[in-house]
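J.: My structure file target_25.txt, compact mmCIF, N, CA and C atoms, is below:
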# COMPACT_ATOMS: atom_id res chain seq x y z
N MET X 1 5.56 -95.74 -109.23
CA MET X 1 4.31 -95.91 -109.92
C MET X 1 3.90 -94.58 -110.57
N ARG X 2 3.37 -94.68 -111.75
CA ARG X 2 2.97 -93.50 -112.50
C ARG X 2 1.73 -92.85 -111.88
N GLN X 3 1.76 -91.52 -111.77
CA GLN X 3 0.61 -90.75 -111.28
C GLN X 3 0.19 -89.78 -112.36
N ILE X 4 -1.09 -89.69 -112.61
CA ILE X 4 -1.62 -88.79 -113.62
C ILE X 4 -2.49 -87.75 -112.94
N PRO X 5 -2.12 -86.46 -113.00
CA PRO X 5 -2.95 -85.42 -112.38
C PRO X 5 -4.31 -85.35 -113.06
N VAL X 6 -5.36 -85.14 -112.27
CA VAL X 6 -6.72 -85.05 -112.79
C VAL X 6 -7.21 -83.62 -112.61
N ASP X 7 -7.61 -82.99 -113.73
CA ASP X 7 -8.13 -81.62 -113.70
C ASP X 7 -9.61 -81.67 -113.31
N THR X 8 -9.95 -81.04 -112.20
CA THR X 8 -11.33 -81.04 -111.72
C THR X 8 -12.02 -79.70 -111.95
N SER X 9 -11.34 -78.76 -112.61
CA SER X 9 -11.87 -77.40 -112.73
C SER X 9 -13.19 -77.33 -113.49
N ALA X 10 -13.44 -78.22 -114.45
CA ALA X 10 -14.68 -78.19 -115.23
C ALA X 10 -15.67 -79.25 -114.76
N ALA X 11 -15.41 -79.88 -113.64
CA ALA X 11 -16.26 -80.96 -113.15
C ALA X 11 -17.13 -80.50 -111.98
N THR X 12 -18.25 -81.17 -111.84
CA THR X 12 -19.09 -81.03 -110.65
C THR X 12 -18.83 -82.28 -109.82
N VAL X 13 -18.46 -82.07 -108.55
CA VAL X 13 -18.12 -83.20 -107.69
C VAL X 13 -18.96 -83.12 -106.41
N MET X 14 -19.65 -84.23 -106.10
CA MET X 14 -20.47 -84.31 -104.89
C MET X 14 -20.21 -85.62 -104.18
N VAL X 15 -20.41 -85.62 -102.88
CA VAL X 15 -20.24 -86.83 -102.08
C VAL X 15 -21.35 -87.83 -102.42
N ALA X 16 -20.95 -89.06 -102.74
CA ALA X 16 -21.91 -90.13 -102.98
C ALA X 16 -22.05 -91.00 -101.73
N GLN X 17 -20.94 -91.15 -100.98
CA GLN X 17 -20.96 -91.88 -99.71
C GLN X 17 -19.97 -91.22 -98.77
N SER X 18 -20.38 -91.02 -97.55
CA SER X 18 -19.54 -90.37 -96.54
C SER X 18 -18.22 -91.09 -96.36
N PRO X 19 -17.20 -90.40 -95.84
CA PRO X 19 -15.88 -91.03 -95.63
C PRO X 19 -15.97 -92.29 -94.78
N GLN X 20 -15.20 -93.29 -95.20
CA GLN X 20 -15.10 -94.56 -94.48
C GLN X 20 -13.63 -94.87 -94.25
N PRO X 21 -13.27 -95.48 -93.13
CA PRO X 21 -11.87 -95.88 -92.93
C PRO X 21 -11.44 -96.84 -94.04
N LYS X 22 -10.26 -96.64 -94.59
CA LYS X 22 -9.72 -97.56 -95.60
C LYS X 22 -9.09 -98.73 -94.87
N VAL X 23 -9.49 -99.94 -95.24
CA VAL X 23 -9.01 -101.14 -94.57
C VAL X 23 -7.94 -101.79 -95.43
N LYS X 24 -6.81 -102.12 -94.80
CA LYS X 24 -5.71 -102.77 -95.51
C LYS X 24 -5.95 -104.27 -95.64
N ASP X 25 -6.43 -104.88 -94.56
CA ASP X 25 -6.66 -106.33 -94.54
C ASP X 25 -8.06 -106.59 -93.99
N ARG X 26 -8.97 -107.07 -94.84
CA ARG X 26 -10.35 -107.29 -94.43
C ARG X 26 -10.49 -108.37 -93.37
N ARG X 27 -9.57 -109.34 -93.38
CA ARG X 27 -9.65 -110.42 -92.39
C ARG X 27 -9.35 -109.92 -90.99
N THR X 28 -8.35 -109.04 -90.85
CA THR X 28 -7.96 -108.57 -89.53
C THR X 28 -8.57 -107.21 -89.18
N GLY X 29 -9.06 -106.50 -90.21
CA GLY X 29 -9.60 -105.17 -89.97
C GLY X 29 -8.52 -104.11 -89.87
N GLU X 30 -7.27 -104.47 -90.21
CA GLU X 30 -6.16 -103.52 -90.10
C GLU X 30 -6.40 -102.31 -90.98
N ARG X 31 -6.20 -101.13 -90.41
CA ARG X 31 -6.42 -99.86 -91.09
C ARG X 31 -5.27 -99.56 -92.06
N ALA X 32 -5.57 -99.04 -93.23
CA ALA X 32 -4.55 -98.64 -94.20
C ALA X 32 -3.93 -97.32 -93.75
N MET X 33 -2.61 -97.26 -93.86
CA MET X 33 -1.85 -96.07 -93.48
C MET X 33 -1.02 -95.60 -94.67
N ASP X 34 -0.78 -94.29 -94.74
CA ASP X 34 0.06 -93.75 -95.81
C ASP X 34 1.49 -94.20 -95.57
N ALA X 35 2.12 -94.76 -96.61
CA ALA X 35 3.48 -95.30 -96.49
C ALA X 35 4.50 -94.22 -96.17
N GLU X 36 4.29 -92.99 -96.65
CA GLU X 36 5.27 -91.92 -96.42
C GLU X 36 5.06 -91.18 -95.12
N THR X 37 3.80 -90.85 -94.79
CA THR X 37 3.54 -90.01 -93.62
C THR X 37 3.04 -90.78 -92.41
N GLY X 38 2.54 -91.99 -92.62
CA GLY X 38 1.98 -92.76 -91.51
C GLY X 38 0.56 -92.35 -91.15
N ALA X 39 -0.03 -91.44 -91.92
CA ALA X 39 -1.39 -90.95 -91.64
C ALA X 39 -2.42 -92.04 -91.96
N ALA X 40 -3.47 -92.10 -91.14
CA ALA X 40 -4.57 -93.02 -91.40
C ALA X 40 -5.30 -92.59 -92.67
N LEU X 41 -5.69 -93.56 -93.50
CA LEU X 41 -6.36 -93.26 -94.76
C LEU X 41 -7.85 -93.58 -94.70
N SER X 42 -8.62 -92.80 -95.44
CA SER X 42 -10.05 -93.02 -95.59
C SER X 42 -10.39 -93.01 -97.07
N THR X 43 -11.58 -93.50 -97.40
CA THR X 43 -12.07 -93.40 -98.77
C THR X 43 -13.37 -92.60 -98.75
N VAL X 44 -13.54 -91.80 -99.79
CA VAL X 44 -14.76 -91.03 -99.98
C VAL X 44 -15.24 -91.33 -101.40
N ASP X 45 -16.46 -91.83 -101.52
CA ASP X 45 -17.03 -92.05 -102.85
C ASP X 45 -17.66 -90.75 -103.31
N VAL X 46 -17.27 -90.30 -104.50
CA VAL X 46 -17.80 -89.05 -105.03
C VAL X 46 -18.43 -89.27 -106.40
N MET X 47 -19.42 -88.44 -106.70
CA MET X 47 -20.01 -88.40 -108.04
C MET X 47 -19.20 -87.36 -108.81
N PHE X 48 -18.59 -87.77 -109.90
CA PHE X 48 -17.73 -86.90 -110.70
C PHE X 48 -18.43 -86.70 -112.03
N ALA X 49 -18.95 -85.49 -112.28
CA ALA X 49 -19.68 -85.19 -113.52
C ALA X 49 -18.87 -84.21 -114.35
N ALA X 50 -18.54 -84.63 -115.59
CA ALA X 50 -17.80 -83.77 -116.52
C ALA X 50 -18.06 -84.23 -117.94
N ASN X 51 -18.10 -83.29 -118.87
CA ASN X 51 -18.27 -83.59 -120.29
C ASN X 51 -19.49 -84.46 -120.57
N GLY X 52 -20.57 -84.22 -119.85
CA GLY X 52 -21.81 -84.95 -120.09
C GLY X 52 -21.83 -86.37 -119.56
N GLU X 53 -20.82 -86.75 -118.81
CA GLU X 53 -20.76 -88.10 -118.23
C GLU X 53 -20.63 -88.02 -116.72
N VAL X 54 -21.18 -89.02 -116.05
CA VAL X 54 -21.12 -89.08 -114.58
C VAL X 54 -20.55 -90.44 -114.17
N GLU X 55 -19.60 -90.40 -113.25
CA GLU X 55 -19.03 -91.64 -112.70
C GLU X 55 -18.93 -91.52 -111.19
N ILE X 56 -18.98 -92.65 -110.53
CA ILE X 56 -18.72 -92.70 -109.10
C ILE X 56 -17.27 -93.12 -108.92
N LEU X 57 -16.49 -92.29 -108.24
CA LEU X 57 -15.08 -92.59 -107.99
C LEU X 57 -14.88 -92.79 -106.49
N SER X 58 -14.09 -93.77 -106.15
CA SER X 58 -13.70 -93.97 -104.76
C SER X 58 -12.32 -93.33 -104.60
N VAL X 59 -12.24 -92.29 -103.80
CA VAL X 59 -11.02 -91.50 -103.65
C VAL X 59 -10.40 -91.77 -102.27
N THR X 60 -9.13 -92.14 -102.26
CA THR X 60 -8.40 -92.33 -101.01
C THR X 60 -7.82 -90.99 -100.59
N VAL X 61 -7.95 -90.67 -99.32
CA VAL X 61 -7.48 -89.38 -98.80
C VAL X 61 -7.04 -89.57 -97.34
N PRO X 62 -5.98 -88.87 -96.91
CA PRO X 62 -5.60 -88.94 -95.49
C PRO X 62 -6.74 -88.37 -94.63
N GLU X 63 -6.96 -88.94 -93.46
CA GLU X 63 -8.02 -88.45 -92.57
C GLU X 63 -7.90 -86.96 -92.31
N SER X 64 -6.67 -86.46 -92.19
CA SER X 64 -6.47 -85.04 -91.92
C SER X 64 -6.87 -84.16 -93.10
N GLY X 65 -7.06 -84.75 -94.29
CA GLY X 65 -7.45 -83.99 -95.48
C GLY X 65 -8.95 -83.92 -95.69
N ILE X 66 -9.72 -84.44 -94.76
CA ILE X 66 -11.18 -84.41 -94.87
C ILE X 66 -11.70 -83.26 -94.03
N SER X 67 -12.40 -82.33 -94.70
CA SER X 67 -12.91 -81.19 -93.94
C SER X 67 -14.35 -80.87 -94.33
N GLY X 68 -15.09 -80.42 -93.36
CA GLY X 68 -16.49 -80.11 -93.56
C GLY X 68 -17.34 -81.33 -93.28
N ASP X 69 -18.65 -81.13 -93.32
CA ASP X 69 -19.60 -82.22 -93.08
C ASP X 69 -19.85 -82.90 -94.41
N LEU X 70 -19.19 -84.02 -94.66
CA LEU X 70 -19.26 -84.70 -95.95
C LEU X 70 -20.35 -85.77 -95.95
N VAL X 71 -21.58 -85.34 -96.16
CA VAL X 71 -22.71 -86.25 -96.27
C VAL X 71 -23.14 -86.33 -97.73
N MET X 72 -23.94 -87.34 -98.06
CA MET X 72 -24.37 -87.54 -99.44
C MET X 72 -24.95 -86.25 -100.03
N GLY X 73 -24.47 -85.91 -101.23
CA GLY X 73 -24.96 -84.73 -101.95
C GLY X 73 -24.18 -83.46 -101.70
N THR X 74 -23.24 -83.49 -100.75
CA THR X 74 -22.44 -82.29 -100.45
C THR X 74 -21.49 -82.00 -101.61
N PRO X 75 -21.53 -80.78 -102.18
CA PRO X 75 -20.55 -80.41 -103.20
C PRO X 75 -19.16 -80.30 -102.55
N VAL X 76 -18.15 -80.87 -103.21
CA VAL X 76 -16.80 -80.86 -102.64
C VAL X 76 -15.76 -80.46 -103.68
N ALA X 77 -14.61 -80.05 -103.17
CA ALA X 77 -13.43 -79.81 -103.99
C ALA X 77 -12.43 -80.91 -103.68
N LEU X 78 -11.76 -81.41 -104.73
CA LEU X 78 -10.74 -82.45 -104.57
C LEU X 78 -9.39 -81.81 -104.83
N THR X 79 -8.60 -81.65 -103.80
CA THR X 79 -7.28 -81.03 -103.93
C THR X 79 -6.24 -82.09 -104.24
N GLY X 80 -5.43 -81.83 -105.26
CA GLY X 80 -4.33 -82.73 -105.60
C GLY X 80 -4.77 -84.10 -106.07
N LEU X 81 -5.88 -84.18 -106.81
CA LEU X 81 -6.38 -85.47 -107.27
C LEU X 81 -5.47 -86.06 -108.34
N VAL X 82 -5.08 -87.31 -108.14
CA VAL X 82 -4.28 -88.03 -109.13
C VAL X 82 -4.90 -89.40 -109.37
N ALA X 83 -4.65 -89.92 -110.57
CA ALA X 83 -5.09 -91.26 -110.93
C ALA X 83 -3.85 -92.13 -111.04
N ARG X 84 -3.92 -93.35 -110.52
CA ARG X 84 -2.81 -94.30 -110.58
C ARG X 84 -3.30 -95.61 -111.17
N PRO X 85 -2.80 -95.97 -112.36
CA PRO X 85 -3.16 -97.28 -112.89
C PRO X 85 -2.54 -98.38 -112.03
N TRP X 86 -3.25 -99.50 -111.86
CA TRP X 86 -2.72 -100.60 -111.07
C TRP X 86 -3.06 -101.93 -111.76
N GLU X 87 -2.28 -102.93 -111.40
CA GLU X 87 -2.50 -104.28 -111.92
C GLU X 87 -1.94 -105.25 -110.90
N ASN X 88 -2.67 -106.35 -110.66
CA ASN X 88 -2.14 -107.40 -109.79
C ASN X 88 -2.67 -108.75 -110.25
N GLU X 89 -2.08 -109.78 -109.69
CA GLU X 89 -2.51 -111.13 -110.01
C GLU X 89 -2.79 -111.84 -108.69
N PHE X 90 -3.96 -112.46 -108.60
CA PHE X 90 -4.36 -113.17 -107.39
C PHE X 90 -5.01 -114.48 -107.81
N ASN X 91 -4.48 -115.58 -107.31
CA ASN X 91 -4.99 -116.92 -107.67
C ASN X 91 -5.05 -117.13 -109.18
N GLY X 92 -4.02 -116.64 -109.88
CA GLY X 92 -3.94 -116.83 -111.32
C GLY X 92 -4.82 -115.91 -112.15
N GLN X 93 -5.53 -115.00 -111.51
CA GLN X 93 -6.39 -114.07 -112.24
C GLN X 93 -5.78 -112.67 -112.19
N LYS X 94 -5.59 -112.08 -113.38
CA LYS X 94 -5.08 -110.71 -113.44
C LYS X 94 -6.23 -109.73 -113.30
N ARG X 95 -5.97 -108.71 -112.52
CA ARG X 95 -6.94 -107.63 -112.32
C ARG X 95 -6.23 -106.32 -112.56
N HIS X 96 -6.98 -105.32 -113.00
CA HIS X 96 -6.39 -104.00 -113.22
C HIS X 96 -7.46 -102.93 -113.04
N GLY X 97 -7.01 -101.71 -112.88
CA GLY X 97 -7.95 -100.62 -112.71
C GLY X 97 -7.21 -99.31 -112.51
N ILE X 98 -7.95 -98.32 -112.04
CA ILE X 98 -7.38 -97.01 -111.76
C ILE X 98 -7.76 -96.65 -110.33
N ALA X 99 -6.77 -96.29 -109.53
CA ALA X 99 -7.01 -95.85 -108.16
C ALA X 99 -6.89 -94.33 -108.13
N PHE X 100 -7.77 -93.69 -107.36
CA PHE X 100 -7.75 -92.24 -107.24
C PHE X 100 -7.33 -91.85 -105.84
N ARG X 101 -6.48 -90.84 -105.77
CA ARG X 101 -5.96 -90.36 -104.48
C ARG X 101 -5.97 -88.84 -104.49
N ALA X 102 -6.34 -88.25 -103.37
CA ALA X 102 -6.35 -86.79 -103.24
C ALA X 102 -5.66 -86.39 -101.94
N VAL X 103 -5.14 -85.19 -101.93
CA VAL X 103 -4.54 -84.64 -100.73
C VAL X 103 -5.64 -84.25 -99.75
N ALA X 104 -6.75 -83.71 -100.31
CA ALA X 104 -7.86 -83.27 -99.46
C ALA X 104 -9.18 -83.34 -100.20
N VAL X 105 -10.25 -83.58 -99.43
CA VAL X 105 -11.62 -83.48 -99.91
C VAL X 105 -12.28 -82.47 -98.99
N THR X 106 -12.70 -81.35 -99.58
CA THR X 106 -13.21 -80.23 -98.80
C THR X 106 -14.61 -79.87 -99.21
N SER X 107 -15.50 -79.71 -98.24
CA SER X 107 -16.87 -79.29 -98.51
C SER X 107 -16.86 -77.87 -99.05
N ILE X 108 -17.49 -77.67 -100.21
CA ILE X 108 -17.61 -76.32 -100.77
C ILE X 108 -18.68 -75.56 -100.01
N VAL X 109 -19.67 -76.26 -99.47
CA VAL X 109 -20.74 -75.63 -98.69
C VAL X 109 -20.16 -74.93 -97.48
N ALA X 110 -19.22 -75.58 -96.78
CA ALA X 110 -18.60 -74.98 -95.60
C ALA X 110 -17.84 -73.72 -95.99
N GLY X 111 -17.13 -73.75 -97.10
CA GLY X 111 -16.37 -72.58 -97.57
C GLY X 111 -17.30 -71.45 -97.96
N ALA X 112 -18.43 -71.76 -98.63
CA ALA X 112 -19.38 -70.74 -99.06
C ALA X 112 -20.06 -70.10 -97.85
N SER X 113 -20.39 -70.92 -96.85
CA SER X 113 -21.03 -70.39 -95.65
C SER X 113 -20.09 -69.46 -94.90
N ALA X 114 -18.82 -69.83 -94.82
CA ALA X 114 -17.83 -68.99 -94.14
C ALA X 114 -17.64 -67.68 -94.87
N SER X 115 -17.67 -67.71 -96.22
CA SER X 115 -17.50 -66.49 -97.00
C SER X 115 -18.66 -65.55 -96.80
N LYS X 116 -19.89 -66.09 -96.72
CA LYS X 116 -21.07 -65.25 -96.54
C LYS X 116 -21.11 -64.63 -95.16
N ALA X 117 -20.52 -65.31 -94.18
CA ALA X 117 -20.54 -64.81 -92.81
C ALA X 117 -19.62 -63.61 -92.63
N VAL X 118 -18.65 -63.44 -93.52
CA VAL X 118 -17.67 -62.35 -93.39
C VAL X 118 -18.24 -61.04 -93.80
Could you write out this structure as structure tokens?

T.:
Amino acid sequence: MRQIPVDTSAATVMVAQSPQPKVKDRRTGERAMDAETGAALSTVDVMFAANGEVEILSVTVPESGISGDLVMGTPVALTGLVARPWENEFNGQKRHGIAFRAVAVTSIVAGASASKAV
């Protein structure tokens, strides 16, 4: 599947909703796992502001890549953010969109506080 790197250097990114476990099957509640590493996955909704536009993105990230206290409004850095176009058909209806995945979502507040303490 094609992956498109996303440049976040000129964007302001803040948490819109705290991390939630990513569910693979809503009926059973089965947790989504990374196919390559087996790591449990979570989603973090972020406000992504760039070029005068703001969007809410749902970003999938391994649980181990979540650091800091990620509550609503927390400024964050998205490490290794990629966009993946997807398409599927369910009950004769085609759906498509863009899925976002990151290696890590890190609180910038935690990093700034640690820098000031030194």

J.: Would you give me, as a PyMOL selection string, the residues in chain X that DSSP reads as alpha helix (DSSP H)?

T.: chain X and resi 108-117

J.: For Ile56 of chain X, which of X:His96, X:Glu36, X:Ser107, X:Val44 is the closest residue, counting all atoms listed in the file?

T.: X:Val44

J.: Here is a test: counting all atoms listed in the file, which residue of X:Ile108, X:Met72, X:Leu41, X:Leu78 is nearest to Val23 of chain X?

T.: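 Ranking X:Ile108, X:Met72, X:Leu41, X:Leu78 by distance to Val23 of chain X, first place goes to X:Leu41.
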
J.: I'd like the interatomic distance between atom CA of Gly68 of chain X and atom CA of Ala104 of chain X, to a tenth of an Å.

T.: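 Computing it gives 10.9 Å between the two atoms.
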
J.: Near segment 1-11 of chain X, within 5 Å and counting all atoms listed in the file, which residues show up once chain neighbours fewer than 3 positions away are dropped, as a PyMOL selection string?

T.: chain X and resi 49-50+81-84

J.: Using only C-alpha atoms - which residues lie no farther than 9 Å from the point (-22.1, -85.5, -103.8) in the file's frame? Write them as number ranges by chain.

T.: X: 12-17, 45-48, 70-76

J.: Those residues with N, CA and C atoms, as a compact mmCIF listing (two decimals), in the frame of the given file please?

T.:
# COMPACT_ATOMS: atom_id res chain seq x y z
N THR X 12 -18.25 -81.17 -111.84
CA THR X 12 -19.09 -81.03 -110.65
C THR X 12 -18.83 -82.28 -109.82
N VAL X 13 -18.46 -82.07 -108.55
CA VAL X 13 -18.12 -83.20 -107.69
C VAL X 13 -18.96 -83.12 -106.41
N MET X 14 -19.65 -84.23 -106.10
CA MET X 14 -20.47 -84.31 -104.89
C MET X 14 -20.21 -85.62 -104.18
N VAL X 15 -20.41 -85.62 -102.88
CA VAL X 15 -20.24 -86.83 -102.08
C VAL X 15 -21.35 -87.83 -102.42
N ALA X 16 -20.95 -89.06 -102.74
CA ALA X 16 -21.91 -90.13 -102.98
C ALA X 16 -22.05 -91.00 -101.73
N GLN X 17 -20.94 -91.15 -100.98
CA GLN X 17 -20.96 -91.88 -99.71
C GLN X 17 -19.97 -91.22 -98.77
N ASP X 45 -16.46 -91.83 -101.52
CA ASP X 45 -17.03 -92.05 -102.85
C ASP X 45 -17.66 -90.75 -103.31
N VAL X 46 -17.27 -90.30 -104.50
CA VAL X 46 -17.80 -89.05 -105.03
C VAL X 46 -18.43 -89.27 -106.40
N MET X 47 -19.42 -88.44 -106.70
CA MET X 47 -20.01 -88.40 -108.04
C MET X 47 -19.20 -87.36 -108.81
N PHE X 48 -18.59 -87.77 -109.90
CA PHE X 48 -17.73 -86.90 -110.70
C PHE X 48 -18.43 -86.70 -112.03
N LEU X 70 -19.19 -84.02 -94.66
CA LEU X 70 -19.26 -84.70 -95.95
C LEU X 70 -20.35 -85.77 -95.95
N VAL X 71 -21.58 -85.34 -96.16
CA VAL X 71 -22.71 -86.25 -96.27
C VAL X 71 -23.14 -86.33 -97.73
N MET X 72 -23.94 -87.34 -98.06
CA MET X 72 -24.37 -87.54 -99.44
C MET X 72 -24.95 -86.25 -100.03
N GLY X 73 -24.47 -85.91 -101.23
CA GLY X 73 -24.96 -84.73 -101.95
C GLY X 73 -24.18 -83.46 -101.70
N THR X 74 -23.24 -83.49 -100.75
CA THR X 74 -22.44 -82.29 -100.45
C THR X 74 -21.49 -82.00 -101.61
N PRO X 75 -21.53 -80.78 -102.18
CA PRO X 75 -20.55 -80.41 -103.20
C PRO X 75 -19.16 -80.30 -102.55
N VAL X 76 -18.15 -80.87 -103.21
CA VAL X 76 -16.80 -80.86 -102.64
C VAL X 76 -15.76 -80.46 -103.68

J.: In Å, rounded to a single decimal, give me how far atom C of Ala99 of chain X is from atom C of Pro85 of chain X.

T.: 7.1 Å

J.: Just to confirm, what's the straight-line distance from atom CA of Thr37 of chain X to atom CA of Glu87 of chain X in Å (one decimal)?

T.: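 We find that atom CA of Thr37 of chain X and atom CA of Glu87 of chain X lie 24.0 Å from each other.
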
J.: Return the single residue from X:Thr60, X:Thr28, X:Ser18, X:Asn51 that is closest to Phe100 of chain X, with distances computed using only C-alpha atoms.

T.: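 Smallest distance to Phe100 of chain X is found for X:Thr60.
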
J.: Could you check the closest approach to Val103 of chain X for each of X:Ala39, X:Asp25, X:Asn88, X:Glu55 and tell me which residue wins, using only C-alpha atoms?

T.: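 Distance minimum relative to Val103 of chain X lands on X:Ala39.
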
J.: With all atoms of segment 10-23 of chain X from the file as input, state the centre and edge lengths in Å to one decimal of the axis-aligned box that has 4 Å extra on each side, as lines of an AutoDock Vina configuration file.

T.:
center_x = -15.0
center_y = -90.0
center_z = -104.1
size_x = 22.1
size_y = 31.6
size_z = 30.3

J.: Any chance you could build segment 51-68 of chain X out to N, CA, C and O atoms and write it as an mmCIF file, keeping the file's coordinate frame?

T.:
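Result written to result.cif:
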data_model
loop_
_atom_site.group_PDB
_atom_site.id
_atom_site.type_symbol
_atom_site.label_atom_id
_atom_site.label_comp_id
_atom_site.auth_asym_id
_atom_site.auth_seq_id
_atom_site.Cartn_x
_atom_site.Cartn_y
_atom_site.Cartn_z
ATOM 1 N N ASN X 51 -18.100 -83.290 -118.870
ATOM 2 C CA ASN X 51 -18.270 -83.590 -120.290
ATOM 3 C C ASN X 51 -19.490 -84.460 -120.570
ATOM 4 O O ASN X 51 -19.452 -85.363 -121.412
ATOM 5 N N GLY X 52 -20.570 -84.220 -119.850
ATOM 6 C CA GLY X 52 -21.810 -84.950 -120.090
ATOM 7 C C GLY X 52 -21.830 -86.370 -119.560
ATOM 8 O O GLY X 52 -22.745 -87.123 -119.855
ATOM 9 N N GLU X 53 -20.820 -86.750 -118.810
ATOM 10 C CA GLU X 53 -20.760 -88.100 -118.230
ATOM 11 C C GLU X 53 -20.630 -88.020 -116.720
ATOM 12 O O GLU X 53 -20.048 -87.084 -116.190
ATOM 13 N N VAL X 54 -21.180 -89.020 -116.050
ATOM 14 C CA VAL X 54 -21.120 -89.080 -114.580
ATOM 15 C C VAL X 54 -20.550 -90.440 -114.170
ATOM 16 O O VAL X 54 -20.957 -91.470 -114.700
ATOM 17 N N GLU X 55 -19.600 -90.400 -113.250
ATOM 18 C CA GLU X 55 -19.030 -91.640 -112.700
ATOM 19 C C GLU X 55 -18.930 -91.520 -111.190
ATOM 20 O O GLU X 55 -18.806 -90.418 -110.654
ATOM 21 N N ILE X 56 -18.980 -92.650 -110.530
ATOM 22 C CA ILE X 56 -18.720 -92.700 -109.100
ATOM 23 C C ILE X 56 -17.270 -93.120 -108.920
ATOM 24 O O ILE X 56 -16.860 -94.172 -109.420
ATOM 25 N N LEU X 57 -16.490 -92.290 -108.240
ATOM 26 C CA LEU X 57 -15.080 -92.590 -107.990
ATOM 27 C C LEU X 57 -14.880 -92.790 -106.490
ATOM 28 O O LEU X 57 -15.434 -92.050 -105.684
ATOM 29 N N SER X 58 -14.090 -93.770 -106.150
ATOM 30 C CA SER X 58 -13.700 -93.970 -104.760
ATOM 31 C C SER X 58 -12.320 -93.330 -104.600
ATOM 32 O O SER X 58 -11.353 -93.752 -105.233
ATOM 33 N N VAL X 59 -12.240 -92.290 -103.800
ATOM 34 C CA VAL X 59 -11.020 -91.500 -103.650
ATOM 35 C C VAL X 59 -10.400 -91.770 -102.270
ATOM 36 O O VAL X 59 -11.074 -91.634 -101.252
ATOM 37 N N THR X 60 -9.130 -92.140 -102.260
ATOM 38 C CA THR X 60 -8.400 -92.330 -101.010
ATOM 39 C C THR X 60 -7.820 -90.990 -100.590
ATOM 40 O O THR X 60 -7.248 -90.260 -101.404
ATOM 41 N N VAL X 61 -7.950 -90.670 -99.320
ATOM 42 C CA VAL X 61 -7.480 -89.380 -98.800
ATOM 43 C C VAL X 61 -7.040 -89.570 -97.340
ATOM 44 O O VAL X 61 -7.629 -90.371 -96.611
ATOM 45 N N PRO X 62 -5.980 -88.870 -96.910
ATOM 46 C CA PRO X 62 -5.600 -88.940 -95.490
ATOM 47 C C PRO X 62 -6.740 -88.370 -94.630
ATOM 48 O O PRO X 62 -7.409 -87.420 -95.047
ATOM 49 N N GLU X 63 -6.960 -88.940 -93.460
ATOM 50 C CA GLU X 63 -8.020 -88.450 -92.570
ATOM 51 C C GLU X 63 -7.900 -86.960 -92.310
ATOM 52 O O GLU X 63 -8.894 -86.253 -92.250
ATOM 53 N N SER X 64 -6.670 -86.460 -92.190
ATOM 54 C CA SER X 64 -6.470 -85.040 -91.920
ATOM 55 C C SER X 64 -6.870 -84.160 -93.100
ATOM 56 O O SER X 64 -7.051 -82.956 -92.950
ATOM 57 N N GLY X 65 -7.060 -84.750 -94.290
ATOM 58 C CA GLY X 65 -7.450 -83.990 -95.480
ATOM 59 C C GLY X 65 -8.950 -83.920 -95.690
ATOM 60 O O GLY X 65 -9.411 -83.363 -96.679
ATOM 61 N N ILE X 66 -9.720 -84.440 -94.760
ATOM 62 C CA ILE X 66 -11.180 -84.410 -94.870
ATOM 63 C C ILE X 66 -11.700 -83.260 -94.030
ATOM 64 O O ILE X 66 -11.453 -83.205 -92.830
ATOM 65 N N SER X 67 -12.400 -82.330 -94.700
ATOM 66 C CA SER X 67 -12.910 -81.190 -93.940
ATOM 67 C C SER X 67 -14.350 -80.870 -94.330
ATOM 68 O O SER X 67 -14.754 -81.051 -95.471
ATOM 69 N N GLY X 68 -15.090 -80.420 -93.360
ATOM 70 C CA GLY X 68 -16.490 -80.110 -93.560
ATOM 71 C C GLY X 68 -17.340 -81.330 -93.280
ATOM 72 O O GLY X 68 -16.842 -82.417 -93.031
#
